[in-house]
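To be precise, the following lines are data.pdb, and they hold PDB, C-alpha atoms.
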ATOM      1  CA  MET A   1      97.011 -41.752  48.445  1.00  0.00           C
ATOM      2  CA  TYR A   2      97.203 -43.361  45.030  1.00  0.00           C
ATOM      3  CA  THR A   3      99.776 -42.846  42.319  1.00  0.00           C
ATOM      4  CA  TRP A   4      98.588 -42.354  38.780  1.00  0.00           C
ATOM      5  CA  SER A   5      99.624 -40.921  35.420  1.00  0.00           C
ATOM      6  CA  ILE A   6      97.926 -39.407  32.367  1.00  0.00           C
ATOM      7  CA  ARG A   7      98.139 -40.625  28.779  1.00  0.00           C
ATOM      8  CA  ALA A   8      96.298 -40.021  25.524  1.00  0.00           C
ATOM      9  CA  VAL A   9      93.241 -42.160  24.731  1.00  0.00           C
ATOM     10  CA  THR A  10      93.954 -45.141  22.489  1.00  0.00           C
ATOM     11  CA  ALA A  11      91.648 -47.448  20.519  1.00  0.00           C
ATOM     12  CA  ASP A  12      91.906 -49.952  23.397  1.00  0.00           C
ATOM     13  CA  ASP A  13      90.174 -47.488  25.737  1.00  0.00           C
ATOM     14  CA  GLN A  14      86.713 -47.701  24.126  1.00  0.00           C
ATOM     15  CA  ALA A  15      85.069 -49.745  26.882  1.00  0.00           C
ATOM     16  CA  PHE A  16      86.423 -47.462  29.610  1.00  0.00           C
ATOM     17  CA  LEU A  17      85.273 -44.341  27.735  1.00  0.00           C
ATOM     18  CA  TRP A  18      81.738 -45.753  27.721  1.00  0.00           C
ATOM     19  CA  GLU A  19      82.058 -46.496  31.446  1.00  0.00           C
ATOM     20  CA  THR A  20      83.134 -42.908  32.138  1.00  0.00           C
ATOM     21  CA  LEU A  21      80.270 -41.579  30.029  1.00  0.00           C
ATOM     22  CA  TYR A  22      77.951 -43.433  32.388  1.00  0.00           C
ATOM     23  CA  LEU A  23      79.856 -42.201  35.447  1.00  0.00           C
ATOM     24  CA  SER A  24      79.609 -38.617  34.222  1.00  0.00           C
ATOM     25  CA  LEU A  25      75.816 -38.713  34.571  1.00  0.00           C
ATOM     26  CA  TYR A  26      75.291 -36.909  37.852  1.00  0.00           C
ATOM     27  CA  VAL A  27      72.687 -38.361  40.195  1.00  0.00           C
ATOM     28  CA  ARG A  28      71.593 -36.123  43.052  1.00  0.00           C
ATOM     29  CA  GLU A  29      71.642 -37.468  46.592  1.00  0.00           C
ATOM     30  CA  GLY A  30      68.706 -39.813  47.199  1.00  0.00           C
ATOM     31  CA  GLU A  31      67.777 -40.133  43.508  1.00  0.00           C
ATOM     32  CA  LYS A  32      67.694 -43.422  41.648  1.00  0.00           C
ATOM     33  CA  PRO A  33      70.784 -44.039  39.459  1.00  0.00           C
ATOM     34  CA  PHE A  34      70.343 -44.203  35.689  1.00  0.00           C
ATOM     35  CA  ASP A  35      70.037 -47.572  33.982  1.00  0.00           C
ATOM     36  CA  ARG A  36      73.443 -48.436  32.486  1.00  0.00           C
ATOM     37  CA  GLU A  37      71.904 -48.774  29.025  1.00  0.00           C
ATOM     38  CA  VAL A  38      71.112 -45.045  28.961  1.00  0.00           C
ATOM     39  CA  VAL A  39      74.538 -44.363  27.383  1.00  0.00           C
ATOM     40  CA  ASN A  40      73.354 -46.173  24.246  1.00  0.00           C
ATOM     41  CA  GLU A  41      70.549 -43.682  23.694  1.00  0.00           C
ATOM     42  CA  PRO A  42      71.329 -41.239  20.858  1.00  0.00           C
ATOM     43  CA  HIS A  43      71.380 -38.121  23.087  1.00  0.00           C
ATOM     44  CA  LEU A  44      74.356 -39.610  24.991  1.00  0.00           C
ATOM     45  CA  ALA A  45      75.925 -42.099  22.571  1.00  0.00           C
ATOM     46  CA  LYS A  46      76.858 -39.263  20.198  1.00  0.00           C
ATOM     47  CA  TYR A  47      79.599 -38.245  22.633  1.00  0.00           C
ATOM     48  CA  LEU A  48      81.529 -41.476  21.943  1.00  0.00           C
ATOM     49  CA  GLU A  49      80.145 -43.224  18.860  1.00  0.00           C
ATOM     50  CA  ASP A  50      82.884 -43.753  16.270  1.00  0.00           C
ATOM     51  CA  TRP A  51      85.468 -42.270  18.651  1.00  0.00           C
ATOM     52  CA  GLY A  52      88.749 -41.336  16.999  1.00  0.00           C
ATOM     53  CA  GLN A  53      87.415 -39.008  14.317  1.00  0.00           C
ATOM     54  CA  ALA A  54      89.339 -35.876  13.372  1.00  0.00           C
ATOM     55  CA  GLY A  55      89.066 -33.411  16.228  1.00  0.00           C
ATOM     56  CA  ASP A  56      88.359 -35.982  18.964  1.00  0.00           C
ATOM     57  CA  VAL A  57      90.696 -35.437  21.915  1.00  0.00           C
ATOM     58  CA  GLY A  58      90.890 -37.533  25.057  1.00  0.00           C
ATOM     59  CA  TYR A  59      93.068 -38.466  27.992  1.00  0.00           C
ATOM     60  CA  ILE A  60      92.987 -41.366  30.434  1.00  0.00           C
ATOM     61  CA  ALA A  61      94.321 -41.437  33.976  1.00  0.00           C
ATOM     62  CA  ILE A  62      95.814 -44.802  34.903  1.00  0.00           C
ATOM     63  CA  ASN A  63      96.883 -46.135  38.288  1.00  0.00           C
ATOM     64  CA  ASP A  64     100.206 -47.839  39.006  1.00  0.00           C
ATOM     65  CA  GLN A  65      98.695 -51.185  37.906  1.00  0.00           C
ATOM     66  CA  GLN A  66      97.976 -49.586  34.485  1.00  0.00           C
ATOM     67  CA  GLN A  67      94.213 -49.687  35.134  1.00  0.00           C
ATOM     68  CA  PRO A  68      92.142 -46.712  33.940  1.00  0.00           C
ATOM     69  CA  ILE A  69      90.750 -44.564  36.749  1.00  0.00           C
ATOM     70  CA  GLY A  70      89.395 -41.509  34.921  1.00  0.00           C
ATOM     71  CA  ALA A  71      88.952 -39.944  31.516  1.00  0.00           C
ATOM     72  CA  VAL A  72      88.318 -36.640  29.826  1.00  0.00           C
ATOM     73  CA  THR A  73      87.153 -36.260  26.232  1.00  0.00           C
ATOM     74  CA  ALA A  74      86.355 -33.406  23.898  1.00  0.00           C
ATOM     75  CA  ARG A  75      84.381 -33.612  20.684  1.00  0.00           C
ATOM     76  CA  VAL A  76      82.744 -31.106  18.363  1.00  0.00           C
ATOM     77  CA  LEU A  77      79.068 -31.859  17.818  1.00  0.00           C
ATOM     78  CA  PRO A  78      77.224 -30.027  15.024  1.00  0.00           C
ATOM     79  CA  ALA A  79      74.041 -27.976  15.453  1.00  0.00           C
ATOM     80  CA  ASP A  80      71.897 -30.763  13.962  1.00  0.00           C
ATOM     81  CA  ASN A  81      73.216 -33.230  16.595  1.00  0.00           C
ATOM     82  CA  GLN A  82      74.246 -30.887  19.378  1.00  0.00           C
ATOM     83  CA  GLY A  83      75.177 -31.909  22.890  1.00  0.00           C
ATOM     84  CA  TYR A  84      73.973 -30.477  26.168  1.00  0.00           C
ATOM     85  CA  GLY A  85      76.816 -27.942  26.294  1.00  0.00           C
ATOM     86  CA  TYR A  86      76.509 -26.846  22.658  1.00  0.00           C
ATOM     87  CA  ILE A  87      77.898 -23.400  21.853  1.00  0.00           C
ATOM     88  CA  ASP A  88      78.542 -23.544  18.086  1.00  0.00           C
ATOM     89  CA  ASP A  89      79.740 -25.877  15.333  1.00  0.00           C
ATOM     90  CA  VAL A  90      83.452 -25.381  16.125  1.00  0.00           C
ATOM     91  CA  THR A  91      83.540 -25.462  19.942  1.00  0.00           C
ATOM     92  CA  PRO A  92      84.329 -28.893  21.376  1.00  0.00           C
ATOM     93  CA  GLU A  93      82.282 -30.086  24.310  1.00  0.00           C
ATOM     94  CA  LEU A  94      84.053 -31.974  27.037  1.00  0.00           C
ATOM     95  CA  GLY A  95      83.131 -34.818  29.333  1.00  0.00           C
ATOM     96  CA  LEU A  96      84.986 -35.812  32.501  1.00  0.00           C
ATOM     97  CA  ALA A  97      84.668 -38.682  34.974  1.00  0.00           C
ATOM     98  CA  VAL A  98      86.898 -40.161  37.647  1.00  0.00           C
ATOM     99  CA  LEU A  99      86.224 -43.407  39.518  1.00  0.00           C
ATOM    100  CA  ASP A 100      84.771 -42.712  42.980  1.00  0.00           C
ATOM    101  CA  GLU A 101      87.752 -43.910  44.979  1.00  0.00           C
ATOM    102  CA  TYR A 102      90.119 -41.586  43.083  1.00  0.00           C
ATOM    103  CA  ARG A 103      88.062 -38.407  43.398  1.00  0.00           C
ATOM    104  CA  GLY A 104      89.423 -35.485  45.392  1.00  0.00           C
ATOM    105  CA  GLN A 105      93.063 -36.387  44.686  1.00  0.00           C
ATOM    106  CA  GLY A 106      93.785 -34.148  41.698  1.00  0.00           C
ATOM    107  CA  VAL A 107      93.037 -36.733  38.999  1.00  0.00           C
ATOM    108  CA  GLY A 108      90.256 -34.640  37.431  1.00  0.00           C
ATOM    109  CA  THR A 109      92.412 -31.519  37.546  1.00  0.00           C
ATOM    110  CA  ALA A 110      95.327 -33.314  35.864  1.00  0.00           C
ATOM    111  CA  LEU A 111      93.040 -34.747  33.176  1.00  0.00           C
ATOM    112  CA  MET A 112      91.530 -31.317  32.519  1.00  0.00           C
ATOM    113  CA  GLN A 113      94.965 -29.674  32.335  1.00  0.00           C
ATOM    114  CA  ALA A 114      96.174 -32.276  29.810  1.00  0.00           C
ATOM    115  CA  LEU A 115      93.088 -31.741  27.662  1.00  0.00           C
ATOM    116  CA  LEU A 116      93.217 -27.946  27.828  1.00  0.00           C
ATOM    117  CA  THR A 117      96.931 -27.961  26.960  1.00  0.00           C
ATOM    118  CA  GLU A 118      96.233 -30.093  23.882  1.00  0.00           C
ATOM    119  CA  LEU A 119      93.304 -27.927  22.777  1.00  0.00           C
ATOM    120  CA  ARG A 120      95.479 -24.807  23.100  1.00  0.00           C
ATOM    121  CA  GLN A 121      98.230 -26.485  21.047  1.00  0.00           C
ATOM    122  CA  GLN A 122      95.626 -27.214  18.382  1.00  0.00           C
ATOM    123  CA  GLN A 123      94.653 -23.522  18.539  1.00  0.00           C
ATOM    124  CA  ILE A 124      91.079 -24.314  19.544  1.00  0.00           C
ATOM    125  CA  ALA A 125      89.473 -21.020  20.604  1.00  0.00           C
ATOM    126  CA  GLN A 126      87.207 -22.301  23.367  1.00  0.00           C
ATOM    127  CA  VAL A 127      85.708 -25.397  24.978  1.00  0.00           C
ATOM    128  CA  SER A 128      82.319 -25.954  26.602  1.00  0.00           C
ATOM    129  CA  LEU A 129      80.642 -28.380  28.962  1.00  0.00           C
ATOM    130  CA  SER A 130      77.327 -29.092  30.608  1.00  0.00           C
ATOM    131  CA  VAL A 131      77.027 -29.801  34.312  1.00  0.00           C
ATOM    132  CA  ASP A 132      74.375 -30.112  37.010  1.00  0.00           C
ATOM    133  CA  PRO A 133      74.735 -27.077  39.308  1.00  0.00           C
ATOM    134  CA  SER A 134      74.707 -29.310  42.405  1.00  0.00           C
ATOM    135  CA  ASN A 135      77.579 -31.475  41.110  1.00  0.00           C
ATOM    136  CA  PRO A 136      80.735 -30.776  43.176  1.00  0.00           C
ATOM    137  CA  VAL A 137      82.848 -30.812  39.976  1.00  0.00           C
ATOM    138  CA  VAL A 138      81.485 -27.316  39.226  1.00  0.00           C
ATOM    139  CA  ARG A 139      84.147 -25.988  41.614  1.00  0.00           C
ATOM    140  CA  LEU A 140      86.903 -27.589  39.498  1.00  0.00           C
ATOM    141  CA  TYR A 141      85.520 -26.048  36.326  1.00  0.00           C
ATOM    142  CA  GLU A 142      85.279 -22.612  37.958  1.00  0.00           C
ATOM    143  CA  ARG A 143      88.835 -22.938  39.293  1.00  0.00           C
ATOM    144  CA  LEU A 144      90.019 -23.645  35.737  1.00  0.00           C
ATOM    145  CA  GLY A 145      88.271 -20.498  34.488  1.00  0.00           C
ATOM    146  CA  PHE A 146      85.032 -21.828  33.020  1.00  0.00           C
ATOM    147  CA  GLN A 147      82.188 -19.295  33.064  1.00  0.00           C
ATOM    148  CA  GLU A 148      78.454 -20.009  33.135  1.00  0.00           C
ATOM    149  CA  VAL A 149      76.849 -18.957  29.833  1.00  0.00           C
ATOM    150  CA  SER A 150      73.367 -20.456  30.138  1.00  0.00           C
ATOM    151  CA  VAL A 151      71.091 -22.670  32.189  1.00  0.00           C
ATOM    152  CA  VAL A 152      68.688 -25.185  30.685  1.00  0.00           C
ATOM    153  CA  GLY A 153      66.608 -27.189  33.140  1.00  0.00           C
ATOM    154  CA  THR A 154      68.998 -28.809  35.622  1.00  0.00           C
ATOM    155  CA  SER A 155      72.048 -28.122  33.491  1.00  0.00           C
ATOM    156  CA  ILE A 156      74.543 -25.256  33.377  1.00  0.00           C
ATOM    157  CA  THR A 157      76.451 -24.694  30.131  1.00  0.00           C
ATOM    158  CA  MET A 158      79.937 -23.427  30.901  1.00  0.00           C
ATOM    159  CA  LEU A 159      82.558 -22.026  28.530  1.00  0.00           C
ATOM    160  CA  LEU A 160      86.300 -21.539  28.751  1.00  0.00           C
ATOM    161  CA  VAL A 161      87.965 -19.230  26.251  1.00  0.00           C
ATOM    162  CA  LEU A 162      91.401 -20.663  25.526  1.00  0.00           C
TER     163      LEU A 162
END

Go ahead and render the structure in this file as structure tokens.
Amino acid sequence: MYTWSIRAVTADDQAFLWETLYLSLYVREGEKPFDREVVNEPHLAKYLEDWGQAGDVGYIAINDQQQPIGAVTARVLPADNQGYGYIDDVTPELGLAVLDEYRGQGVGTALMQALLTELRQQQIAQVSLSVDPSNPVVRLYERLGFQEVSVVGTSITMLLVL
């Protein structure tokens, strides 16, 4: 069992945020992983480009050696540049990823709780996400109260009213 803690994202976390964006791309068993450069394509890069704008919220989990092991981010994307979990122009969309060796130990839950607490403090009404229905993380989202609102292709859009 590892020990870890949660802290807010800082400017120094940019490279790790891009790594977690890549890690958040679910690949089904037996399928070929995505090329790492895929995160630079506009449909994904918009989740992190120019990170630190008003409304961007993120948390990093770090191990006892101060190395990042997971991250959660939330960002509002407008209708003309909407993400996969788009609801409306005021609902932030979140992304979550935890390094393989730290999964199943509560890191994702702790990251999500930190993010949801912050969004509630900011009086954000709701938060959305997009997830592959076969991704095991769906259970975490359901446990936290997210509800399925639509399905597009191999993606479920889920919403949590805060």

> Between A:Tyr102, A:Phe34, A:Tyr22, A:Tyr141, which is the closest to Ile156 of chain A once you count all atoms listed in the file?
Replying inline: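 Closest to Ile156 of chain A of all the choices is A:Tyr141.
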
> Which is closer to Thr117 of chain A than all the others in A:Pro133, A:Val76, A:Val57, A:Val151, using only C-alpha atoms?
Replying inline: A:Val57

Can you list every residue of segment 78-159 of chain A that has an atom at most 12 Å from segment 42-52 of chain A, with its nearest atom pair and the distance in Å to one decimal, using all atoms listed in the file, ordered by chain then number, as CSV?
residue,atom,partner,partner_atom,distance
A:Pro78,CA,A:Lys46,CA,10.6
A:Asp80,CA,A:Lys46,CA,11.7
A:Asn81,CA,A:Lys46,CA,7.9
A:Gln82,CA,A:His43,CA,8.6
A:Gly83,CA,A:His43,CA,7.3
A:Tyr84,CA,A:His43,CA,8.6
A:Gly85,CA,A:Tyr47,CA,11.3
A:Tyr86,CA,A:Tyr47,CA,11.8
A:Pro92,CA,A:Tyr47,CA,10.6
A:Glu93,CA,A:Tyr47,CA,8.8
A:Leu94,CA,A:Tyr47,CA,8.9
A:Gly95,CA,A:Tyr47,CA,8.3
A:Leu96,CA,A:Tyr47,CA,11.5
A:Leu129,CA,A:Tyr47,CA,11.8

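As for atom CA of Arg7 of chain A and atom CA of Gln121 of chain A, they are spaced 16.1 Å apart.
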
> Between A:Leu140, A:Val27, A:Val161, A:Ala74, which is the closest to Tyr59 of chain A once you count all atoms listed in the file?
Replying inline: A:Ala74

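When only C-alpha atoms are used to measure the gap to Ser128 of chain A, the shortest distance among A:Glu29, A:Asp12, A:Asp88, A:Glu101 belongs to A:Asp88.
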
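Once the PyMOL selection byres ((chain A and resi 114) around 12) is applied to this file, the selection holds Ser5, Ile6, Arg7, Ala8, Val9, Val57, Gly58, Tyr59, Ile60, Ala61, Ala71, Val72, Thr73, Ala74, Val107, Gly108, Thr109, Ala110, Leu111, Met112, Gln113, Leu115, Leu116, Thr117, Glu118, Leu119, Arg120 and Gln121 of chain A.
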
>> Evaluated on this file, the PyMOL selection byres ((chain A and resi 28) around 12) picks out some residues - which ones are they, written as a list of chain:residue names?
In response: A:Leu25, A:Tyr26, A:Val27, A:Glu29, A:Gly30, A:Glu31, A:Lys32, A:Pro33, A:Phe34, A:Asp132, A:Pro133, A:Ser134, A:Asn135, A:Pro136, A:Thr154

> Of the candidates A:Leu77, A:Val39, A:Ala125, A:Leu23, which one gets nearest to Val98 of chain A if we count only C-alpha atoms?
Replying inline: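 Between A:Leu77, A:Val39, A:Ala125, A:Leu23, the residue approaching Val98 of chain A most closely is A:Leu23.
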
> Just how far from atom CA of Val152 of chain A is atom CA of Glu41 of chain A, in Å to one decimal?
Replying inline: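 Distance between the two atoms: 19.9 Å.
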
>> Please determine, counting all atoms listed in the file, which residue among A:Asp35, A:Ser24, A:Gln147, A:Val137 has the shortest atom-to-atom distance to Leu159 of chain A.
In response: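 Ranked by minimum distance to Leu159 of chain A, first place goes to A:Gln147.
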
As AutoDock Vina command-line options, please: the centre and edge lengths in Å, to one decimal, of an axis-aligned box enclosing every listed atom of segment 95-109 of chain A with 5 Å added on each side.
--center_x 88.5 --center_y -37.7 --center_z 37.4 --size_x 20.7 --size_y 22.4 --size_z 26.1

> In Å, with one decimal, what is the gap from atom CA of Arg103 of chain A to atom CA of Thr91 of chain A?
Replying inline: 27.2 Å

> Counting only C-alpha atoms, which residues come within 8 Å of (99.0, -41.1, 40.5), with the point read in the file's coordinates, and could you list them as a ChimeraX atom specification?
Replying inline: /A:2-5,62-64,107

Could you rebuild segment 97-108 of chain A with all heavy atoms and give it back as a compact mmCIF listing (two decimals), in the frame of the given file?
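result_0.txt written:
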# COMPACT_ATOMS: atom_id res chain seq x y z
N ALA A 97 85.09 -37.81 33.89
CA ALA A 97 84.67 -38.68 34.97
C ALA A 97 85.89 -39.35 35.58
O ALA A 97 86.84 -39.71 34.87
CB ALA A 97 83.68 -39.74 34.49
N VAL A 98 85.84 -39.49 36.89
CA VAL A 98 86.90 -40.16 37.65
C VAL A 98 86.21 -41.19 38.55
O VAL A 98 85.17 -40.89 39.14
CB VAL A 98 87.70 -39.13 38.49
CG1 VAL A 98 88.71 -39.84 39.39
CG2 VAL A 98 88.39 -38.11 37.58
N LEU A 99 86.79 -42.38 38.64
CA LEU A 99 86.22 -43.41 39.52
C LEU A 99 86.13 -42.87 40.94
O LEU A 99 87.01 -42.14 41.40
CB LEU A 99 87.09 -44.67 39.50
CG LEU A 99 87.24 -45.39 38.17
CD1 LEU A 99 88.11 -46.64 38.33
CD2 LEU A 99 85.89 -45.76 37.56
N ASP A 100 85.06 -43.24 41.64
CA ASP A 100 84.77 -42.71 42.98
C ASP A 100 85.98 -42.69 43.91
O ASP A 100 86.26 -41.69 44.55
CB ASP A 100 83.66 -43.52 43.66
CG ASP A 100 82.28 -43.20 43.11
OD1 ASP A 100 82.13 -42.18 42.40
OD2 ASP A 100 81.34 -43.97 43.40
N GLU A 101 86.68 -43.81 43.99
CA GLU A 101 87.75 -43.91 44.98
C GLU A 101 88.96 -43.03 44.67
O GLU A 101 89.84 -42.86 45.51
CB GLU A 101 88.19 -45.37 45.19
CG GLU A 101 88.76 -46.04 43.95
CD GLU A 101 87.72 -46.80 43.13
OE1 GLU A 101 86.54 -46.40 43.10
OE2 GLU A 101 88.11 -47.80 42.51
N TYR A 102 89.00 -42.45 43.47
CA TYR A 102 90.12 -41.59 43.08
C TYR A 102 89.73 -40.11 43.06
O TYR A 102 90.56 -39.26 42.73
CB TYR A 102 90.65 -42.00 41.71
CG TYR A 102 91.35 -43.35 41.74
CD1 TYR A 102 90.64 -44.51 41.50
CD2 TYR A 102 92.71 -43.44 42.04
CE1 TYR A 102 91.28 -45.75 41.54
CE2 TYR A 102 93.34 -44.67 42.07
CZ TYR A 102 92.62 -45.82 41.83
OH TYR A 102 93.25 -47.03 41.88
N ARG A 103 88.50 -39.81 43.41
CA ARG A 103 88.06 -38.41 43.40
C ARG A 103 88.70 -37.64 44.56
O ARG A 103 89.03 -38.20 45.58
CB ARG A 103 86.54 -38.33 43.48
CG ARG A 103 85.89 -38.83 42.21
CD ARG A 103 84.40 -38.72 42.22
NE ARG A 103 83.87 -39.30 40.99
CZ ARG A 103 82.63 -39.65 40.81
NH1 ARG A 103 81.74 -39.48 41.78
NH2 ARG A 103 82.24 -40.17 39.67
N GLY A 104 88.88 -36.34 44.35
CA GLY A 104 89.42 -35.48 45.39
C GLY A 104 90.93 -35.60 45.56
O GLY A 104 91.47 -35.11 46.55
N GLN A 105 91.61 -36.21 44.60
CA GLN A 105 93.06 -36.39 44.69
C GLN A 105 93.81 -35.70 43.55
O GLN A 105 95.00 -35.95 43.35
CB GLN A 105 93.40 -37.87 44.68
CG GLN A 105 92.80 -38.61 45.86
CD GLN A 105 93.13 -40.08 45.81
OE1 GLN A 105 94.26 -40.47 45.55
NE2 GLN A 105 92.14 -40.90 46.05
N GLY A 106 93.12 -34.87 42.78
CA GLY A 106 93.78 -34.15 41.70
C GLY A 106 93.74 -34.83 40.35
O GLY A 106 94.26 -34.30 39.37
N VAL A 107 93.10 -36.00 40.27
CA VAL A 107 93.04 -36.73 39.00
C VAL A 107 92.25 -35.93 37.97
O VAL A 107 92.70 -35.75 36.83
CB VAL A 107 92.43 -38.14 39.18
CG1 VAL A 107 92.29 -38.85 37.85
CG2 VAL A 107 93.28 -38.97 40.14
N GLY A 108 91.07 -35.43 38.35
CA GLY A 108 90.26 -34.64 37.43
C GLY A 108 90.98 -33.38 36.98
O GLY A 108 90.94 -33.02 35.80
